[in-house]
file work_31.cif (mmCIF, C-alpha atoms and all ligand atoms)
data_entry
loop_
_atom_site.label_atom_id
_atom_site.label_comp_id
_atom_site.auth_asym_id
_atom_site.auth_seq_id
_atom_site.Cartn_x
_atom_site.Cartn_y
_atom_site.Cartn_z
CA MET M 135 144.01 88.48 66.39
CA ARG M 136 141.86 86.01 64.54
CA TRP M 137 138.70 87.91 65.22
CA GLY M 138 136.95 86.40 62.21
CA ASP M 139 136.97 83.11 64.10
CA MET M 140 135.21 84.63 67.07
CA ARG M 141 131.47 84.24 67.36
CA GLU M 142 129.46 87.25 66.29
CA SER M 143 127.34 88.80 68.98
CA GLU M 144 123.64 89.13 68.44
CA ASN M 145 123.45 91.94 70.96
CA VAL M 146 124.61 94.65 68.64
CA GLU M 147 122.58 97.64 67.59
CA ASP M 148 123.97 99.45 64.60
CA ARG M 149 122.92 103.09 64.56
CA THR M 150 125.59 104.19 62.18
CA GLY M 151 123.09 104.83 59.40
CA THR M 152 121.25 107.37 61.49
CA PRO M 153 123.73 109.93 62.73
CA GLY M 154 122.90 112.63 65.17
CA GLY M 155 119.62 112.81 66.92
CA GLY M 156 120.03 113.40 70.52
CA PHE M 157 118.83 115.83 72.95
CA PRO M 158 120.80 116.20 76.07
CA LEU M 159 119.33 114.33 78.94
CA GLY M 160 121.79 115.58 81.44
CA GLY M 161 123.67 113.10 83.42
CA GLY M 162 127.16 112.20 82.62
CA MET M 163 128.84 109.90 80.33
CA ARG M 164 131.05 107.85 82.35
CA LEU M 165 133.52 105.16 82.36
CA GLY M 166 135.02 105.78 79.01
CA LEU M 167 138.04 103.87 78.16
CA GLY M 168 139.81 106.85 77.92
CA SER M 169 140.33 109.87 79.18
CA ILE M 170 139.30 111.70 76.27
CA ILE M 171 136.23 111.75 78.19
CA ILE M 172 137.93 113.49 80.96
CA ILE M 173 139.46 116.11 78.93
CA VAL M 174 136.22 116.80 77.25
CA ILE M 175 133.90 116.48 80.11
CA GLY M 176 136.09 117.49 82.91
CA SER M 177 135.49 115.74 86.08
CA LEU M 178 132.38 113.82 86.28
CA LEU M 179 132.50 110.95 88.45
CA PHE M 180 135.46 110.75 90.54
CA GLY M 181 136.36 110.55 93.84
CA ILE M 182 137.11 108.03 96.19
CA ASN M 183 138.64 106.40 98.90
CA PRO M 184 139.93 102.98 98.92
CA LEU M 185 137.00 100.96 99.79
CA GLU M 186 136.71 97.38 99.52
CA ILE M 187 134.77 96.20 96.76
CA LEU M 188 135.08 92.61 96.49
CA GLY M 189 131.88 91.50 95.04
CA LEU M 190 133.47 88.69 93.25
CA LEU M 191 131.71 85.54 92.61
CA SER M 192 132.23 82.70 94.86
CA GLY M 193 133.48 79.71 93.10
CA GLY M 194 136.61 78.83 91.39
CA PRO M 195 138.73 80.19 88.60
CA ALA M 196 137.10 79.08 85.52
CA PRO M 197 138.59 78.47 82.26
CA PRO M 198 135.94 78.59 79.66
CA SER M 199 136.66 75.26 78.26
CA GLN M 200 133.89 75.39 75.82
CA GLN M 201 135.20 76.63 72.57
CA SER M 202 133.05 79.26 71.09
CA ALA M 203 130.69 78.03 68.53
CA PRO M 204 132.29 77.81 65.15
CA GLY M 205 131.55 81.10 63.50
CA TYR M 206 128.09 81.89 62.51
CA GLY M 207 127.16 83.27 59.25
CA PRO M 208 129.01 84.88 56.44
CA GLN M 209 131.91 87.07 57.17
CA ASN M 210 130.49 90.11 55.57
CA PRO M 211 126.76 90.40 55.99
CA PRO M 212 125.07 93.73 55.75
CA ALA M 213 123.87 95.15 59.02
CA PRO M 214 120.40 93.96 59.88
CA GLY M 215 117.75 96.02 58.22
CA THR M 216 120.08 97.73 55.86
CA SER M 217 121.88 96.96 52.71
CA ARG M 218 125.01 98.80 53.65
CA PRO M 219 128.07 96.64 54.03
CA ARG M 220 129.49 96.97 57.49
CA SER M 221 132.87 98.48 58.00
CA GLU M 222 135.68 96.24 59.08
CA ASP M 223 135.79 98.01 62.44
CA ALA M 224 132.10 97.28 62.95
CA GLN M 225 132.59 93.64 62.03
CA LEU M 226 135.53 93.27 64.34
CA SER M 227 133.55 94.86 67.16
CA THR M 228 130.68 92.44 66.65
CA HIS M 229 132.96 89.42 66.74
CA VAL M 230 135.00 90.56 69.71
CA PHE M 231 131.83 91.45 71.58
CA GLY M 232 130.54 87.94 70.96
CA ASP M 233 133.76 86.50 72.26
CA THR M 234 133.56 88.50 75.48
CA GLU M 235 130.08 87.02 75.91
CA ASP M 236 131.49 83.50 75.57
CA VAL M 237 134.33 84.12 77.99
CA TRP M 238 132.32 85.88 80.68
CA SER M 239 129.42 83.45 80.36
CA ALA M 240 131.79 80.61 81.09
CA LEU M 241 133.41 82.44 83.98
CA PHE M 242 130.10 83.33 85.56
CA LYS M 243 128.80 79.84 85.03
CA ALA M 244 131.81 78.39 86.78
CA GLY M 245 130.96 80.64 89.70
CA GLY M 246 127.38 79.43 89.73
CA ALA M 247 125.98 82.58 88.18
CA ARG M 248 124.55 83.60 84.86
CA TYR M 249 126.09 86.24 82.67
CA ASP M 250 123.57 88.69 81.34
CA PRO M 251 125.38 90.29 78.41
CA PRO M 252 125.35 93.99 77.68
CA LYS M 253 124.37 95.53 74.39
CA LEU M 254 126.81 97.07 71.96
CA VAL M 255 125.61 100.21 70.25
CA LEU M 256 127.58 101.38 67.25
CA PHE M 257 127.01 104.97 66.26
CA GLU M 258 128.58 107.81 64.42
CA GLY M 259 128.40 111.49 65.23
CA GLY M 260 126.14 111.31 68.23
CA THR M 261 123.41 109.30 69.84
CA ASN M 262 121.08 109.15 72.81
CA THR M 263 121.75 106.95 75.79
CA ALA M 264 120.25 106.47 79.22
CA CYS M 265 123.29 108.39 80.48
CA GLY M 266 122.62 111.41 78.32
CA SER M 267 123.44 112.26 74.76
CA ALA M 268 126.80 111.15 73.51
CA SER M 269 129.01 112.67 70.90
CA ALA M 270 131.92 111.04 69.22
CA ALA M 271 134.22 113.18 71.33
CA VAL M 272 133.59 111.19 74.48
CA GLY M 273 135.15 108.03 73.20
CA PRO M 274 133.79 104.58 73.96
CA PHE M 275 131.93 104.20 77.22
CA TYR M 276 129.60 101.98 79.18
CA CYS M 277 126.26 103.28 80.39
CA PRO M 278 124.99 101.31 83.39
CA GLY M 279 121.52 102.81 82.96
CA ASP M 280 120.84 100.88 79.80
CA ARG M 281 123.57 98.29 80.20
CA SER M 282 125.12 99.22 76.91
CA VAL M 283 128.56 99.79 75.53
CA TYR M 284 128.58 102.78 73.17
CA LEU M 285 131.17 102.89 70.46
CA ASP M 286 131.59 105.58 67.89
CA THR M 287 133.03 103.83 64.92
CA SER M 288 135.46 106.66 64.23
CA PHE M 289 137.20 106.04 67.52
CA PHE M 290 139.31 103.24 66.16
CA GLN M 291 140.79 105.61 63.63
CA GLN M 292 141.77 107.87 66.48
CA LEU M 293 143.24 104.94 68.32
CA ARG M 294 145.40 104.16 65.32
CA ASN M 295 146.36 107.67 64.39
CA ARG M 296 146.08 109.95 67.36
CA PHE M 297 146.88 107.49 70.10
CA GLY M 298 149.44 105.60 68.10
CA ALA M 299 147.98 102.25 69.10
CA PRO M 300 147.14 100.43 65.87
CA GLY M 301 146.12 96.83 65.61
CA ASP M 302 143.04 94.70 65.94
CA PHE M 303 143.91 93.49 69.41
CA ALA M 304 144.24 97.10 70.56
CA GLN M 305 140.63 97.48 69.43
CA GLY M 306 139.72 94.31 71.21
CA TYR M 307 141.21 95.69 74.41
CA VAL M 308 139.05 98.80 74.14
CA ILE M 309 135.88 96.77 73.75
CA ALA M 310 136.83 94.31 76.47
CA HIS M 311 137.56 97.20 78.85
CA GLU M 312 134.04 98.55 78.41
CA VAL M 313 132.62 95.07 78.83
CA GLY M 314 134.67 94.97 82.03
CA HIS M 315 132.53 97.82 83.34
CA HIS M 316 129.44 95.77 82.62
CA VAL M 317 130.92 92.94 84.65
CA GLN M 318 131.47 95.42 87.47
CA ASN M 319 127.85 96.42 87.13
CA LEU M 320 126.67 92.82 87.36
CA LEU M 321 128.90 92.09 90.33
CA GLY M 322 127.63 95.09 92.25
CA THR M 323 131.00 96.80 92.22
CA MET M 324 129.63 99.81 90.43
CA ARG M 325 126.82 100.29 92.87
CA LYS M 326 129.27 100.27 95.75
CA PHE M 327 131.45 102.66 93.85
CA ASP M 328 128.62 105.12 93.35
CA ALA M 329 127.56 104.97 96.96
CA GLN M 330 131.09 105.54 98.14
CA ALA M 331 132.00 108.17 95.60
CA GLU M 332 129.08 110.33 96.57
CA ARG M 333 130.53 110.94 99.98
CA LEU M 334 134.04 111.76 98.92
CA ASP M 335 135.90 114.88 97.98
CA ALA M 336 137.11 115.23 94.43
CA ARG M 337 140.59 113.96 95.00
CA SER M 338 139.46 110.83 96.78
CA ARG M 339 136.84 110.25 94.17
CA ASN M 340 139.51 110.37 91.51
CA GLU M 341 141.50 107.75 93.36
CA LEU M 342 138.51 105.49 93.57
CA SER M 343 137.73 106.03 89.91
CA VAL M 344 141.24 104.96 89.00
CA ARG M 345 140.69 101.69 90.87
CA LEU M 346 137.45 101.09 89.01
CA GLU M 347 139.12 101.75 85.67
CA LEU M 348 142.17 99.63 86.41
CA GLN M 349 139.92 96.77 87.34
CA ALA M 350 138.19 97.08 83.96
CA ASP M 351 141.63 96.96 82.35
CA CYS M 352 142.40 93.82 84.30
CA TYR M 353 139.09 92.28 83.21
CA ALA M 354 140.04 93.12 79.62
CA GLY M 355 143.25 91.22 80.23
CA VAL M 356 141.28 88.24 81.52
CA TRP M 357 139.38 88.16 78.25
CA GLY M 358 142.74 88.33 76.42
CA PHE M 359 144.00 85.35 78.39
CA PHE M 360 141.15 83.17 77.20
CA ALA M 361 141.38 84.45 73.64
CA GLN M 362 145.01 83.42 73.65
CA LYS M 363 144.24 80.12 75.23
CA ARG M 364 141.95 79.30 72.35
CA ASN M 365 144.59 80.29 69.81
CA LEU M 366 142.72 83.36 68.69
CA LEU M 367 145.65 85.70 69.13
CA ASP M 368 148.73 86.30 67.05
CA ALA M 369 152.27 86.84 68.19
CA GLY M 370 152.62 90.39 69.39
CA ASP M 371 148.98 90.84 70.32
CA MET M 372 149.65 91.08 74.01
CA GLU M 373 152.15 93.87 73.38
CA GLU M 374 149.59 95.55 71.17
CA GLY M 375 147.15 95.51 74.06
CA LEU M 376 149.75 96.89 76.42
CA ARG M 377 150.54 99.66 74.00
CA ALA M 378 146.88 100.59 73.80
CA ALA M 379 146.53 100.50 77.58
CA ALA M 380 149.51 102.81 77.88
CA ALA M 381 148.30 105.15 75.17
CA VAL M 382 145.06 105.85 77.01
CA GLY M 383 146.79 106.36 80.34
CA ASP M 384 145.90 109.67 81.95
CA ASP M 385 149.50 110.81 82.04
CA GLN M 386 149.99 110.19 78.36
CA ILE M 387 146.81 111.96 77.45
CA GLN M 388 147.45 114.90 79.71
CA LYS M 389 150.94 115.30 78.38
CA ARG M 390 149.60 115.37 74.90
CA MET M 391 146.71 117.67 75.63
CA GLN M 392 148.13 120.09 78.15
CA GLY M 393 151.85 119.45 78.21
CA TYR M 394 152.06 118.33 81.82
CA THR M 395 150.53 115.75 84.10
CA ALA M 396 148.53 116.19 87.28
CA PRO M 397 148.32 112.81 88.97
CA GLU M 398 145.69 113.91 91.47
CA SER M 399 143.36 114.50 88.58
CA PHE M 400 143.84 111.04 87.12
CA THR M 401 140.63 109.14 86.82
CA HIS M 402 141.74 106.15 84.80
CA GLY M 403 145.31 105.55 85.90
CA SER M 404 148.75 106.14 84.47
CA ALA M 405 150.14 104.25 81.51
CA GLN M 406 152.20 102.21 83.93
CA GLN M 407 149.21 101.29 86.05
CA ARG M 408 147.01 100.46 83.10
CA MET M 409 149.61 98.18 81.59
CA ARG M 410 150.25 96.51 84.90
CA TRP M 411 146.62 95.64 85.52
CA PHE M 412 145.93 94.61 81.99
CA LYS M 413 148.85 92.26 82.29
CA THR M 414 147.66 90.95 85.64
CA GLY M 415 144.48 89.78 83.99
CA PHE M 416 146.17 88.59 80.84
CA ASP M 417 148.81 86.54 82.63
CA SER M 418 146.53 84.82 85.10
CA GLY M 419 143.12 84.66 83.48
CA ASP M 420 141.73 84.87 86.99
CA PHE M 421 139.48 87.82 87.52
CA ARG M 422 139.78 87.48 91.25
CA ASN M 423 143.29 88.79 90.83
CA CYS M 424 141.82 92.04 89.63
CA ASN M 425 141.58 93.26 93.21
CA THR M 426 142.40 96.87 92.51
CA PHE M 427 140.29 97.99 95.45
CA ASP M 428 142.16 95.86 97.93
CA VAL M 429 145.72 96.82 97.28
CA ARG M 430 147.32 99.84 98.86
CA GLN M 431 148.75 101.18 95.63
CA PRO M 432 146.91 100.06 92.54
ZN ZN I 1 136.59 102.70 81.71
#
call {"tool": "encode", "arguments": {"input": "work_31.cif", "output": "structure tokens"}}
result
Amino acid sequence: MRWGDMRESENVEDRTGTPGGGFPLGGGMRLGLGSIIIIVIGSLLFGINPLEILGLLSGGPAPPSQQSAPGYGPQNPPAPGTSRPRSEDAQLSTHVFGDTEDVWSALFKAGGARYDPPKLVLFEGGTNTACGSASAAVGPFYCPGDRSVYLDTSFFQQLRNRFGAPGDFAQGYVIAHEVGHHVQNLLGTMRKFDAQAERLDARSRNELSVRLELQADCYAGVWGFFAQKRNLLDAGDMEEGLRAAAAVGDDQIQKRMQGYTAPESFTHGSAQQRMRWFKTGFDSGDFRNCNTFDVRQP
């Protein structure tokens, strides 16, 4: 992935110089890419019942035709307010985040709406969020309360080593998945999800959660489609994304953590499902195809 050619986001807060600090606020971290979250936190959100959440914008498909602005600034600036050089993972995150802003802005615009971008918070160790205090153990997640994507910079090492999904596009997928949750927030999908989930038993909530997560995977694929379209990807990147999607599948994680899988406890979807929906977005570039709530079997 030619992430250095992607525009750097200005909506990044780097807290990596100030580790720790965080008193529990209660509430749950949610919507992590992974399922690490689940293992660690158990069952937080979950439940469901196929509901229809359409909430998609009216208006057509919408290739962002506008090329992203030709890279701003030096490749290796220190983080604002510090003199520390930023890690390569932090730089990549900033560029990819900027690119998701360009893609979703164009898609929303084509639908007659305005994309209000989320914030990316980079941290290490732990940090406070509107969803409670976060530790590195939860993995990346989106907090609707403060419209921010939280990313512990050590996660990418885990992705490479523990999950066996190396590669810059694998990292891009992770970020784009969390941004996908922000899109769900903007489109009202998340609100409907919460309202519905409240009334469901645990098993149904899990099913609904899987649909929400698979849709975020599909949205990540949509971003990938436009990155490819603008020649920002390398050969093999799509496969790299698929490998990452599979690696964070609930079945894979459960197998690794507990030696068996319990599909009724899935909250993010199996490797198969995650790959399938990522690919749906990647192949079509049309986020209206990400109708995980409408199909019988996502
Ligand atoms: Zn998620």
call {"tool": "closest_residue", "arguments": {"input": "work_31.cif", "among": "M:Leu320, M:Ala361, M:Cys277, M:Met372", "to": "ligand ZN 1 (chain I)", "atoms": "only C-alpha atoms and all ligand atoms"}}
result
M:Cys277
call {"tool": "residues_around", "arguments": {"input": "work_31.cif", "residues": "range 293-309 of chain M", "least_positions_apart": "3", "cutoff": "7 Å", "atoms": "all atoms listed in the file", "output": "list in words"}}
result
Met135, Leu167, Val230, Phe289, Phe290, Glu312, Val313, Ala354, Asp371, Glu374, Gly375, Arg377, Ala378 and Ala381 of chain M
call {"tool": "atom_distance", "arguments": {"input": "work_31.cif", "atom1": "CA of Gly383 in chain M", "atom2": "CA of Arg408 in chain M"}}
result
6.5 Å
call {"tool": "residues_near_point", "arguments": {"input": "work_31.cif", "point": "(144.0, 115.6, 92.9)", "cutoff": "12 Å", "atoms": "all atoms listed in the file", "output": "VMD selection string"}}
result
chain M and resid 177 180 to 182 335 to 344 395 to 401
call {"tool": "closest_residue", "arguments": {"input": "work_31.cif", "among": "M:Thr234, M:Gln349, M:Asn262, M:Thr228", "to": "ligand ZN 1 (chain I)", "atoms": "all atoms listed in the file"}}
result
M:Gln349
call {"tool": "atom_distance", "arguments": {"input": "work_31.cif", "atom1": "CA of Gly259 in chain M", "atom2": "CA of Gly138 in chain M"}}
result
26.7 Å
call {"tool": "axis_aligned_box", "arguments": {"input": "work_31.cif", "around": "range 405-413 of chain M", "padding_each_side": "8 Å", "output": "JSON"}}
result
{"center_x": 149.1, "center_y": 98.3, "center_z": 83.8, "size_x": 22.3, "size_y": 28.0, "size_z": 20.5}
call {"tool": "atom_distance", "arguments": {"input": "work_31.cif", "atom1": "CA of Gln388 in chain M", "atom2": "CA of Ser227 in chain M"}}
result
27.4 Å
call {"tool": "closest_residue", "arguments": {"input": "work_31.cif", "among": "M:Glu258, M:Asp139, M:Glu235, M:Glu347", "to": "ligand ZN 1 (chain I)", "atoms": "all atoms listed in the file"}}
result
M:Glu347
call {"tool": "residues_around", "arguments": {"input": "work_31.cif", "residues": "range 280-284 of chain M", "least_positions_apart": "3", "cutoff": "8 Å", "atoms": "all atoms listed in the file", "output": "PyMOL selection string"}}
result
chain M and resi 252-257+263-265+274-277+312-313+316
call {"tool": "closest_residue", "arguments": {"input": "work_31.cif", "among": "M:Gln431, M:Gln330, M:Ser269, M:Gln318", "to": "ligand ZN 1 (chain I)", "atoms": "all atoms listed in the file"}}
result
M:Gln318
call {"tool": "closest_residue", "arguments": {"input": "work_31.cif", "among": "M:Met409, M:Leu367, M:Leu226, M:Met391", "to": "Gly355 in chain M", "atoms": "only C-alpha atoms"}}
result
M:Met409
call {"tool": "closest_residue", "arguments": {"input": "work_31.cif", "among": "M:Asp428, M:Asp328, M:Asp286, M:Asp417", "to": "Arg345 in chain M", "atoms": "all atoms listed in the file"}}
result
M:Asp428
